[in-house]
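Comments concern the structure below.
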Protein chains: 2
Amino acid sequence: MQRVLGLSEIRIAGFGGQGVILAAAVIGKAAAIFQDGHATMTQSFGPEARGGSSSAQVILSGEPILYPYITRPDILVVMSQEAYTRFSPELKPGGILITEQELVRVDSIPPGVRAYGVPATRLAEDLGRKVVLNIVMVGFFGAVAKLLEPQALRQAVADSVPPAMQKLNLLAFDKGFEYGSELIARKGLENSVEPVLLESEA
Amino acid sequence: MQRVLGLSEIRIAGFGGQGVILAAAVIGKAAAIFQDGHATMTQSFGPEARGGSSSAQVILSGEPILYPYITRPDILVVMSQEAYTRFSPELKPGGILITEQELVRVDSIPPGVRAYGVPATRLAEDLGRKVVLNIVMVGFFGAVAKLLEPQALRQAVADSVPPAMQKLNLLAFDKGFEYGSELIARKGLENSVEPVLLESEA
């Protein structure tokens with residue numbers, strides 16, 4: 001069981017129903033149960049949740065975690081435009097932005113940030129169940145962030161869904177992981193997302 | 001929408017598969033989305049999670065919550081003997097202990113603590129689906145802790161499960177709530193749980 005090194009802060013955000021919390025729990029479990037590490041997952045419910053947005057914070061560490069709040073994520077995974085707009089300014093320099101590319105239009109990428117997009121909803125629909133888009137995102141995250149062992153993430157997926165849903169979710173994970181691996185093989189560790197200038201700026 | 005007053009710290013613990021996290025999320029949502037309050041839900045994944053135990057912390061407050069970790073819960077909801085043994089010493093004096101009474105044997109109740117038990121697994125089985133025992137616990141919590149509006153909790157239940165599961169989960173909530181209301185009506189706010197002396201102490 002490989003040790004989790006250092007401390008990584010991850011925010012996952014989107015809208016309600018996309019399975020933000022499950023995606024966060026899978027990443028936390030992969031680190032703490034299927035690798036040798038610790039993790040916390042924190043969700044804040046506040047007025048913004050009334051608007052249907054959903055966000056979770058995950059911290060992965062080699063050591064027990066004393067303070068579970070993050071201010072500047074190393075990795076931001078966004079599945080809605082609103083989540084991108086709200087949270088991308090917080091991303092740490094040198095961080096990684098991961099987007100659901102058909103739901104998020106990236107208008108600028110801060111210097112030093114790498115950005116990767118995946119059509120997770122469409123890939124989930126190819127499997128016949130749009131609802132697994134969150135697990136496609138987790139697979140893609142695994143391939144591009146390279147923070148956790150793919151096998152640990154895969155086990156955490158299986159561990160986090162009911163038995164009848166395991167096969168579907170593992171397929172979703174593999175689909176996202178393969179998409180990310182191919183992207184990295186093709187483009188290297190550069191940005192795969194081109195920022196789109198807003199009309200008012202053009 | 002009634003305002004959430006003060007600050008309440010709640011720990012919910014049991015073993016994996018009992019739906020600890022969903023129960024915690026329902027309570028958080030009830031406060032922050034269906035009442036006028038704020039809530040955080042924190043889950044720590046660590047070596048103990050490898051043994052199959054599961055625990056979540058919820059903080060409810062009238063104000064935004066700056067530090068989401070709790071040390072001494074006001075309310076402890078336990079669904080396994082291990083969770084009871086581990087967490088009951090942390091309960092605040094004057095706090096409330098809520099147990100799944102057929103899974104937890106209470107051997108002592110700290111002075112000033114009120115303890116209430118519910119056969120949640122059996123009540124869930126009466127509905128044909130043991131899996132909703134967590135929502136029976138939430139209903140019972142609603143009736144005995146009286147911290148949140150029953151209607152806000154009920155809406156949070158409906159909001160937190162897939163449409164096809166709403167009816168079953170609302171029945172489970174009502175069953176737990178009724179059991180708790182009858183218990184309070186019959187016994188008042190005294191302990192409903194009698195501590196059982198361990199044989200070695202008798």
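For the structure tokens, the naming scheme is as follows: chains receive sequential letters (A, B, ...) according to their order of presentation, residues are indexed from 1 within each chain, and ligands are indexed from 1 in presentation order.
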Those of stretch 4-167 of chain B in DSSP alpha helix (DSSP H), formatted as a PyMOL selection string | chain B and resi 20-32+47-50+81-87+120-126+133-145+150-160+166-167
May I ask you to extract the residues of chain B within 10 Å of chain A, using only C-alpha atoms, and to give them as a ChimeraX atom specification?
-> /B:16-17,21,25,28-34,36-52,56-60,63-69,159-162
Go ahead and save the picked residues with C-alpha atoms, as a PDB file, in the first residue's frame.
ATOM      1  CA  GLY B  16     -19.932   1.332   6.898  1.00  0.00           C
ATOM      2  CA  GLY B  17     -23.110   0.666   4.938  1.00  0.00           C
ATOM      3  CA  ILE B  21     -22.949  10.181   5.871  1.00  0.00           C
ATOM      4  CA  ALA B  25     -26.005  15.402   5.242  1.00  0.00           C
ATOM      5  CA  GLY B  28     -26.957  19.676   7.704  1.00  0.00           C
ATOM      6  CA  LYS B  29     -29.269  20.433   4.797  1.00  0.00           C
ATOM      7  CA  ALA B  30     -32.294  20.765   7.051  1.00  0.00           C
ATOM      8  CA  ALA B  31     -30.536  23.543   8.978  1.00  0.00           C
ATOM      9  CA  ALA B  32     -28.939  25.377   6.073  1.00  0.00           C
ATOM     10  CA  ILE B  33     -31.389  24.919   3.224  1.00  0.00           C
ATOM     11  CA  PHE B  34     -34.786  24.326   4.818  1.00  0.00           C
ATOM     12  CA  ASP B  36     -32.403  29.771   8.154  1.00  0.00           C
ATOM     13  CA  GLY B  37     -29.000  28.558   9.343  1.00  0.00           C
ATOM     14  CA  HIS B  38     -25.580  27.284   8.440  1.00  0.00           C
ATOM     15  CA  ALA B  39     -24.099  23.809   8.645  1.00  0.00           C
ATOM     16  CA  THR B  40     -20.914  21.917   7.941  1.00  0.00           C
ATOM     17  CA  MET B  41     -20.440  18.204   7.617  1.00  0.00           C
ATOM     18  CA  THR B  42     -16.990  16.715   8.044  1.00  0.00           C
ATOM     19  CA  GLN B  43     -15.875  13.169   7.589  1.00  0.00           C
ATOM     20  CA  SER B  44     -12.410  11.974   8.488  1.00  0.00           C
ATOM     21  CA  PHE B  45     -11.018   8.984   6.692  1.00  0.00           C
ATOM     22  CA  GLY B  46      -8.193   7.369   8.564  1.00  0.00           C
ATOM     23  CA  PRO B  47      -6.896   4.011   9.643  1.00  0.00           C
ATOM     24  CA  GLU B  48     -10.079   3.385  11.678  1.00  0.00           C
ATOM     25  CA  ALA B  49     -12.127   3.516   8.473  1.00  0.00           C
ATOM     26  CA  ARG B  50     -10.213   0.430   7.310  1.00  0.00           C
ATOM     27  CA  GLY B  51     -11.958  -1.494  10.092  1.00  0.00           C
ATOM     28  CA  GLY B  52     -15.335  -0.607   8.594  1.00  0.00           C
ATOM     29  CA  ALA B  56     -19.403  12.125  10.513  1.00  0.00           C
ATOM     30  CA  GLN B  57     -19.486  15.433  12.340  1.00  0.00           C
ATOM     31  CA  VAL B  58     -22.175  18.015  11.767  1.00  0.00           C
ATOM     32  CA  ILE B  59     -22.208  21.537  13.109  1.00  0.00           C
ATOM     33  CA  LEU B  60     -25.377  23.617  12.996  1.00  0.00           C
ATOM     34  CA  GLU B  63     -23.855  32.078  11.940  1.00  0.00           C
ATOM     35  CA  PRO B  64     -21.296  30.968   9.320  1.00  0.00           C
ATOM     36  CA  ILE B  65     -19.056  28.284  10.815  1.00  0.00           C
ATOM     37  CA  LEU B  66     -15.347  29.049  10.894  1.00  0.00           C
ATOM     38  CA  TYR B  67     -14.007  25.859  12.410  1.00  0.00           C
ATOM     39  CA  PRO B  68     -15.808  22.660  11.436  1.00  0.00           C
ATOM     40  CA  TYR B  69     -14.193  20.244  13.863  1.00  0.00           C
ATOM     41  CA  ASP B 159     -34.057  16.366  -1.197  1.00  0.00           C
ATOM     42  CA  SER B 160     -31.265  13.897  -0.418  1.00  0.00           C
ATOM     43  CA  VAL B 161     -32.476  10.683  -2.008  1.00  0.00           C
ATOM     44  CA  PRO B 162     -33.312   9.734  -5.605  1.00  0.00           C
TER      45      PRO B 162
END
Exercise: B:Lys167 partners within 12 Å, only C-alpha atoms, chain neighbours under 2 positions left out, as a PyMOL selection string = chain B and resi 127+132+135+154-155+157-159+161-165+169-174
Have a look at atom CA of B:Gln81 and atom CA of A:Ala24 and let me know their distance in Å, one decimal.
-> 27.8 Å
Which parts of stretch 76-123 of chain A does DSSP call strand (DSSP E or B) when run on the backbone here, written out as a PyMOL selection string?
-> chain A and resi 76-78+96-100+114-118
Write the residues of the selection above to a file with N, CA and C atoms, as a PDB file, in the first residue's frame.
ATOM      1  N   LEU A  76      -8.602  21.891  -8.491  1.00  0.00           N
ATOM      2  CA  LEU A  76     -10.014  22.292  -8.515  1.00  0.00           C
ATOM      3  C   LEU A  76     -10.720  21.508  -9.618  1.00  0.00           C
ATOM      4  N   VAL A  77     -11.770  20.785  -9.242  1.00  0.00           N
ATOM      5  CA  VAL A  77     -12.551  20.009 -10.207  1.00  0.00           C
ATOM      6  C   VAL A  77     -13.923  20.674 -10.308  1.00  0.00           C
ATOM      7  N   VAL A  78     -14.261  21.208 -11.479  1.00  0.00           N
ATOM      8  CA  VAL A  78     -15.545  21.920 -11.598  1.00  0.00           C
ATOM      9  C   VAL A  78     -16.442  21.313 -12.665  1.00  0.00           C
ATOM     10  N   ILE A  96      -3.847  22.662 -10.530  1.00  0.00           N
ATOM     11  CA  ILE A  96      -4.473  21.974 -11.663  1.00  0.00           C
ATOM     12  C   ILE A  96      -5.970  22.262 -11.666  1.00  0.00           C
ATOM     13  N   LEU A  97      -6.458  22.702 -12.826  1.00  0.00           N
ATOM     14  CA  LEU A  97      -7.894  22.930 -13.018  1.00  0.00           C
ATOM     15  C   LEU A  97      -8.449  21.805 -13.877  1.00  0.00           C
ATOM     16  N   ILE A  98      -9.476  21.125 -13.398  1.00  0.00           N
ATOM     17  CA  ILE A  98     -10.100  20.036 -14.151  1.00  0.00           C
ATOM     18  C   ILE A  98     -11.551  20.408 -14.392  1.00  0.00           C
ATOM     19  N   THR A  99     -11.951  20.430 -15.664  1.00  0.00           N
ATOM     20  CA  THR A  99     -13.313  20.873 -15.968  1.00  0.00           C
ATOM     21  C   THR A  99     -14.122  19.808 -16.708  1.00  0.00           C
ATOM     22  N   GLU A 100     -15.427  19.851 -16.508  1.00  0.00           N
ATOM     23  CA  GLU A 100     -16.345  19.145 -17.397  1.00  0.00           C
ATOM     24  C   GLU A 100     -16.461  20.070 -18.597  1.00  0.00           C
ATOM     25  N   ARG A 114      -2.232  24.373 -14.782  1.00  0.00           N
ATOM     26  CA  ARG A 114      -2.530  23.484 -15.898  1.00  0.00           C
ATOM     27  C   ARG A 114      -4.030  23.201 -15.909  1.00  0.00           C
ATOM     28  N   ALA A 115      -4.632  23.215 -17.080  1.00  0.00           N
ATOM     29  CA  ALA A 115      -6.079  23.002 -17.167  1.00  0.00           C
ATOM     30  C   ALA A 115      -6.386  21.837 -18.095  1.00  0.00           C
ATOM     31  N   TYR A 116      -7.244  20.955 -17.626  1.00  0.00           N
ATOM     32  CA  TYR A 116      -7.617  19.784 -18.418  1.00  0.00           C
ATOM     33  C   TYR A 116      -9.131  19.638 -18.451  1.00  0.00           C
ATOM     34  N   GLY A 117      -9.661  19.371 -19.633  1.00  0.00           N
ATOM     35  CA  GLY A 117     -11.115  19.208 -19.745  1.00  0.00           C
ATOM     36  C   GLY A 117     -11.493  17.820 -20.230  1.00  0.00           C
ATOM     37  N   VAL A 118     -12.645  17.368 -19.783  1.00  0.00           N
ATOM     38  CA  VAL A 118     -13.149  16.049 -20.195  1.00  0.00           C
ATOM     39  C   VAL A 118     -14.671  16.161 -20.418  1.00  0.00           C
TER      40      VAL A 118
END
Name the closest residue to A:Ala13 among the candidates A:Asp107, A:Glu82, A:Asp74, A:Glu194; distances are taken between atoms, counting only C-alpha atoms.
->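 Smallest separation from A:Ala13 among the options: A:Glu82.
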Two-atom distance - atom CA of B:Pro150, atom CA of B:Gly180 (Å) =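 Separation of atom CA of B:Pro150 and atom CA of B:Gly180: 11.8 Å.
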Using only C-alpha atoms, determine which residues lie at most 12 Å from B:Pro111, disregarding the query and same-chain residues fewer than 6 positions distant; provide the list as JSON, numbers by chain.
-> {"B": [89, 91, 92, 93, 94, 95, 96, 97, 191]}
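Each of B:Arg129, B:Arg3, B:Arg105, B:Lys146 was compared to B:Ser88 using only C-alpha atoms, and B:Arg105 turns out to be the nearest.
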Distance of atom CA of B:Ala152 from atom CA of B:Gly139, expressed in Å to one decimal place = 11.2 Å
